[in-house]
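Following: one structure in structure tokens, then a few remarks.
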Amino acid sequence: AWDITTRTCAYTNHTIMAEALEKWPIELFSRLLPRIYQIVEEINRRFVLKIQEMYPGNQDKVKNMAVLYDGQVKMAHLAIAGSYSVNGVAALHTKILEERELKDFYEMRPEQFNNKTNGITQRRFLLHANPLLANWITDKIGDEWITNLSHLKKLKVYVNDEKCQHEFMNIKYQNKIRLAKYIKEHNNVDVDPRSIFDVQVKRLHEYKRQLLNILHVMHLYNRLKTEPEFDMYPRTFIFGAKASAGYKRAKLIIKLINSVADVVNNDASIEGKIKVVFIENYRVSNAEIIFAAADVSEQISTASREASGTGNMKFMLNGAPTLGTMDGANVEIVEEVGIENAFIFGLSSDEVINYENNGGYNPQEIYFNDWDIKRVVDQLMDGTYSHGDHEMFRDLYNSLLNTQGGDRPDRYFILKDFRSYAEAQKKVEEAYKDPDRWAKMALLNTASCGKFTSDRTIQEYVDNIWKLDYVTVKPEA
């Protein structure tokens, strides 16, 4: 039975985050699932024998790889022990699994590991969600892209064509009008479709750094209020996210975004230069409207933390250049579209991992030496966005500056990357103010998106992991 199991099961890992790799207390597991726990014990016994056979006397290997250790059932270890294949979901993700998170398992069985970069379906996120663009593409290159996305590369002959650039950007503008209507109806906020639609929609998690985004919005607002000579191209910052039920800090970040929106959107003195919108109940049906309308794709996770991301691909498909770190599938997006057609900033994954392993980062040094950063961090505590309540955002303030419960401050390197992010945002504005350059970038993003279809991803699973044969289904007469 175990032989059949290990030749049948394959494990796809979807996260690098240690807290998401399930570990269950043996006491709970064995009480609730006594027979299954007996089986897990036997799986662990056999697997530990294998480890000891390959690494005699090396107790560290047993400690790092055993399914049962230190009073816990380690579910990822169980999945690896019981599978013939282990894969990550982006090239960088798989590399980090092999070199760091699952290094011992990779050294034991390197042939077990492989990469399958995620993909998205163009039939949902372009054909259905953006009919104006879909029809335009079909008019230019035919409809084969619907089932073979690599055909989008044929659009590259049009990237310098002024008429095509104008048509492409007019479609974007029509989609921005559609989203503006949705925002007016659901948020009662008037947004200008001629402003830059700067969008971050995804699960709310600290590593995805929605906090960095909203702190930068606060920084721009401060500049508008205190620097008479400062001018900026109007920008609409659009957020959409859900937080896990018990994730208190994530919910506090949502509160901060909405509190900043309340202040900024109602300040007539800034003449609509900044609008902030938090779209409620983010889901596929409103995501379809959002992706089609986005000018800028915010993919700003701490490098090394995002396994892949697929929102980044949906934005790219709809002609929104990436503003992001070299993390997850962003790396491969940049490879496809060219770094000159994206806005890349921040620490690299190697730099982040080096700080984590060796220390050397103190956010308080940045806080005390950069007035702009100090000002926005202090505004979490001074009541600016909390009707004078100085405690409302204390947890966010502490997460950036103070050690809490053994956790180091600013573990997602928000303050470290703040200046680099602000510079990248300036480059976004410079590029957008050059309509020909922006149109070319946007069109190239769509034209370079062929790799990121789930059709390719699934075919790779079929060919390299599942080893399935084609089944041709004849349509009914």
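By order in the structure tokens, chains are A, B, ...; within a chain, residues start at 1; ligands start at 1, following the order shown.
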
Which residues are near Glu111 of chain A? Cut-off 12 Å, only C-alpha atoms, ignore same chain within fewer than 6 positions. Put them as a PDB file with all heavy atoms, in the first residue's frame.
```pdb
ATOM      1  N   SER A  83       5.336  11.254  -1.423  1.00  0.00           N
ATOM      2  CA  SER A  83       5.176  11.657  -2.824  1.00  0.00           C
ATOM      3  C   SER A  83       6.385  11.282  -3.665  1.00  0.00           C
ATOM      4  O   SER A  83       7.500  11.182  -3.166  1.00  0.00           O
ATOM      5  CB  SER A  83       4.977  13.176  -2.914  1.00  0.00           C
ATOM      6  OG  SER A  83       3.819  13.585  -2.224  1.00  0.00           O
ATOM      7  N   TYR A  84       6.152  11.142  -4.975  1.00  0.00           N
ATOM      8  CA  TYR A  84       7.245  10.890  -5.907  1.00  0.00           C
ATOM      9  C   TYR A  84       7.754  12.185  -6.540  1.00  0.00           C
ATOM     10  O   TYR A  84       8.812  12.214  -7.164  1.00  0.00           O
ATOM     11  CB  TYR A  84       6.827   9.913  -7.013  1.00  0.00           C
ATOM     12  CG  TYR A  84       5.737  10.422  -7.934  1.00  0.00           C
ATOM     13  CD1 TYR A  84       6.041  11.133  -9.093  1.00  0.00           C
ATOM     14  CD2 TYR A  84       4.394  10.189  -7.636  1.00  0.00           C
ATOM     15  CE1 TYR A  84       5.043  11.609  -9.930  1.00  0.00           C
ATOM     16  CE2 TYR A  84       3.391  10.662  -8.465  1.00  0.00           C
ATOM     17  CZ  TYR A  84       3.716  11.366  -9.616  1.00  0.00           C
ATOM     18  OH  TYR A  84       2.726  11.836 -10.439  1.00  0.00           O
ATOM     19  N   SER A  85       6.985  13.283  -6.363  1.00  0.00           N
ATOM     20  CA  SER A  85       7.355  14.569  -6.964  1.00  0.00           C
ATOM     21  C   SER A  85       7.025  15.689  -5.988  1.00  0.00           C
ATOM     22  O   SER A  85       6.004  15.640  -5.301  1.00  0.00           O
ATOM     23  CB  SER A  85       6.582  14.770  -8.269  1.00  0.00           C
ATOM     24  OG  SER A  85       6.718  16.098  -8.745  1.00  0.00           O
ATOM     25  N   VAL A  86       7.913  16.684  -5.929  1.00  0.00           N
ATOM     26  CA  VAL A  86       7.666  17.897  -5.140  1.00  0.00           C
ATOM     27  C   VAL A  86       7.953  19.084  -6.043  1.00  0.00           C
ATOM     28  O   VAL A  86       9.030  19.163  -6.636  1.00  0.00           O
ATOM     29  CB  VAL A  86       8.580  17.966  -3.895  1.00  0.00           C
ATOM     30  CG1 VAL A  86       8.367  19.275  -3.142  1.00  0.00           C
ATOM     31  CG2 VAL A  86       8.345  16.773  -2.980  1.00  0.00           C
ATOM     32  N   ASN A  87       6.991  19.990  -6.175  1.00  0.00           N
ATOM     33  CA  ASN A  87       7.257  21.147  -7.032  1.00  0.00           C
ATOM     34  C   ASN A  87       6.862  22.451  -6.376  1.00  0.00           C
ATOM     35  O   ASN A  87       5.931  22.521  -5.579  1.00  0.00           O
ATOM     36  CB  ASN A  87       6.555  21.015  -8.394  1.00  0.00           C
ATOM     37  CG  ASN A  87       5.060  21.240  -8.346  1.00  0.00           C
ATOM     38  OD1 ASN A  87       4.301  20.326  -8.011  1.00  0.00           O
ATOM     39  ND2 ASN A  87       4.613  22.430  -8.694  1.00  0.00           N
ATOM     40  N   GLU A  98      14.521  24.481  -2.642  1.00  0.00           N
ATOM     41  CA  GLU A  98      15.653  23.557  -2.783  1.00  0.00           C
ATOM     42  C   GLU A  98      16.861  24.002  -1.956  1.00  0.00           C
ATOM     43  O   GLU A  98      17.585  23.171  -1.407  1.00  0.00           O
ATOM     44  CB  GLU A  98      16.042  23.437  -4.257  1.00  0.00           C
ATOM     45  CG  GLU A  98      14.978  22.747  -5.100  1.00  0.00           C
ATOM     46  CD  GLU A  98      15.283  22.793  -6.591  1.00  0.00           C
ATOM     47  OE1 GLU A  98      16.240  23.488  -7.007  1.00  0.00           O
ATOM     48  OE2 GLU A  98      14.550  22.131  -7.358  1.00  0.00           O
ATOM     49  N   PHE A 105      15.702  17.753   2.207  1.00  0.00           N
ATOM     50  CA  PHE A 105      14.944  16.823   1.359  1.00  0.00           C
ATOM     51  C   PHE A 105      15.484  16.845  -0.071  1.00  0.00           C
ATOM     52  O   PHE A 105      15.573  15.807  -0.731  1.00  0.00           O
ATOM     53  CB  PHE A 105      13.456  17.204   1.359  1.00  0.00           C
ATOM     54  CG  PHE A 105      12.792  17.050   2.688  1.00  0.00           C
ATOM     55  CD1 PHE A 105      12.674  18.135   3.550  1.00  0.00           C
ATOM     56  CD2 PHE A 105      12.281  15.826   3.099  1.00  0.00           C
ATOM     57  CE1 PHE A 105      12.060  18.005   4.782  1.00  0.00           C
ATOM     58  CE2 PHE A 105      11.665  15.683   4.322  1.00  0.00           C
ATOM     59  CZ  PHE A 105      11.547  16.768   5.175  1.00  0.00           C
ATOM     60  N   ASN A 464       5.144  16.151 -17.190  1.00  0.00           N
ATOM     61  CA  ASN A 464       6.299  15.872 -16.331  1.00  0.00           C
ATOM     62  C   ASN A 464       5.964  15.231 -14.989  1.00  0.00           C
ATOM     63  O   ASN A 464       6.841  14.654 -14.347  1.00  0.00           O
ATOM     64  CB  ASN A 464       7.064  17.177 -16.063  1.00  0.00           C
ATOM     65  CG  ASN A 464       7.514  17.840 -17.348  1.00  0.00           C
ATOM     66  OD1 ASN A 464       7.829  17.165 -18.319  1.00  0.00           O
ATOM     67  ND2 ASN A 464       7.528  19.165 -17.379  1.00  0.00           N
ATOM     68  N   ILE A 465       4.729  15.363 -14.533  1.00  0.00           N
ATOM     69  CA  ILE A 465       4.367  14.805 -13.224  1.00  0.00           C
ATOM     70  C   ILE A 465       3.296  13.722 -13.365  1.00  0.00           C
ATOM     71  O   ILE A 465       3.488  12.581 -12.969  1.00  0.00           O
ATOM     72  CB  ILE A 465       3.893  15.906 -12.249  1.00  0.00           C
ATOM     73  CG1 ILE A 465       5.015  16.914 -11.994  1.00  0.00           C
ATOM     74  CG2 ILE A 465       3.450  15.297 -10.921  1.00  0.00           C
ATOM     75  CD1 ILE A 465       4.638  18.066 -11.057  1.00  0.00           C
TER      76      ILE A 465
END
```

Using only C-alpha atoms, tabulate the residues of segment 168-287 of chain A lying at most 12 Å from any atom of segment 136-154 of chain A, each with its closest atom pair and that distance in Å to one decimal, by chain and increasing residue number, as a tab-separated table.
```
residue	atom	partner	partner_atom	distance
A:Phe168	CA	A:Trp136	CA	8.1
A:Met169	CA	A:Trp136	CA	11.5
A:Asn170	CA	A:Trp136	CA	11.1
A:Ile171	CA	A:Trp136	CA	8.8
A:Lys172	CA	A:Trp136	CA	11.6
```

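Picture a line from atom CA of Arg203 of chain A to atom CA of Lys242 of chain A; it runs 5.4 Å.
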
Do you know which residues are at most 9 Å from segment 212-215 of chain A counting only C-alpha atoms, after dropping those on the same chain fewer than 2 positions away, and could you put them as a ChimeraX atom specification? /A:200,208-210,217-220,237,253,256-257,260,298,300,373,376-377,414-415,417-418,421

Could you please write out, as number ranges by chain, every residue of segment 204-421 of chain A that DSSP assigns to strand (DSSP E)? A: 235-240, 274-279, 296-299, 322-324, 343-344

Could those residues be written to a file, using C-alpha atoms, as a PDB file, in the first residue's frame?
```
ATOM      1  CA  ARG A 235      -3.236  59.223  -8.718  1.00  0.00           C
ATOM      2  CA  THR A 236      -6.044  56.901  -7.624  1.00  0.00           C
ATOM      3  CA  PHE A 237      -4.755  54.249  -5.219  1.00  0.00           C
ATOM      4  CA  ILE A 238      -7.054  51.238  -5.335  1.00  0.00           C
ATOM      5  CA  PHE A 239      -6.859  48.448  -2.771  1.00  0.00           C
ATOM      6  CA  GLY A 240      -8.831  45.244  -2.584  1.00  0.00           C
ATOM      7  CA  ILE A 274      -4.803  61.659  -4.442  1.00  0.00           C
ATOM      8  CA  LYS A 275      -7.821  59.429  -4.041  1.00  0.00           C
ATOM      9  CA  VAL A 276      -7.761  56.207  -2.006  1.00  0.00           C
ATOM     10  CA  VAL A 277     -10.326  53.459  -2.485  1.00  0.00           C
ATOM     11  CA  PHE A 278     -10.677  50.168  -0.633  1.00  0.00           C
ATOM     12  CA  ILE A 279     -12.942  47.925  -2.710  1.00  0.00           C
ATOM     13  CA  VAL A 296      -0.071  50.062 -12.455  1.00  0.00           C
ATOM     14  CA  SER A 297       0.243  46.556 -10.995  1.00  0.00           C
ATOM     15  CA  GLU A 298       1.514  46.690  -7.399  1.00  0.00           C
ATOM     16  CA  GLN A 299       3.477  43.481  -6.659  1.00  0.00           C
ATOM     17  CA  THR A 322       4.493  45.841 -12.866  1.00  0.00           C
ATOM     18  CA  LEU A 323       5.732  47.965  -9.982  1.00  0.00           C
ATOM     19  CA  GLY A 324       7.372  45.328  -7.848  1.00  0.00           C
ATOM     20  CA  PHE A 343       9.453  49.312 -12.273  1.00  0.00           C
ATOM     21  CA  ILE A 344      11.634  47.156 -10.035  1.00  0.00           C
TER      22      ILE A 344
END
```

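Atom pair atom CA of Leu317 of chain A / atom CA of Leu127 of chain A: separated by 10.7 Å.
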
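The smallest atom-to-atom distance between Asn44 of chain A and any of A:Ala424, A:Val73, A:Val89, A:Ala20, using only C-alpha atoms, is found for A:Val73.
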
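Counting from atom CA of Ser30 of chain A, the distance to atom CA of Tyr106 of chain A is 29.0 Å.
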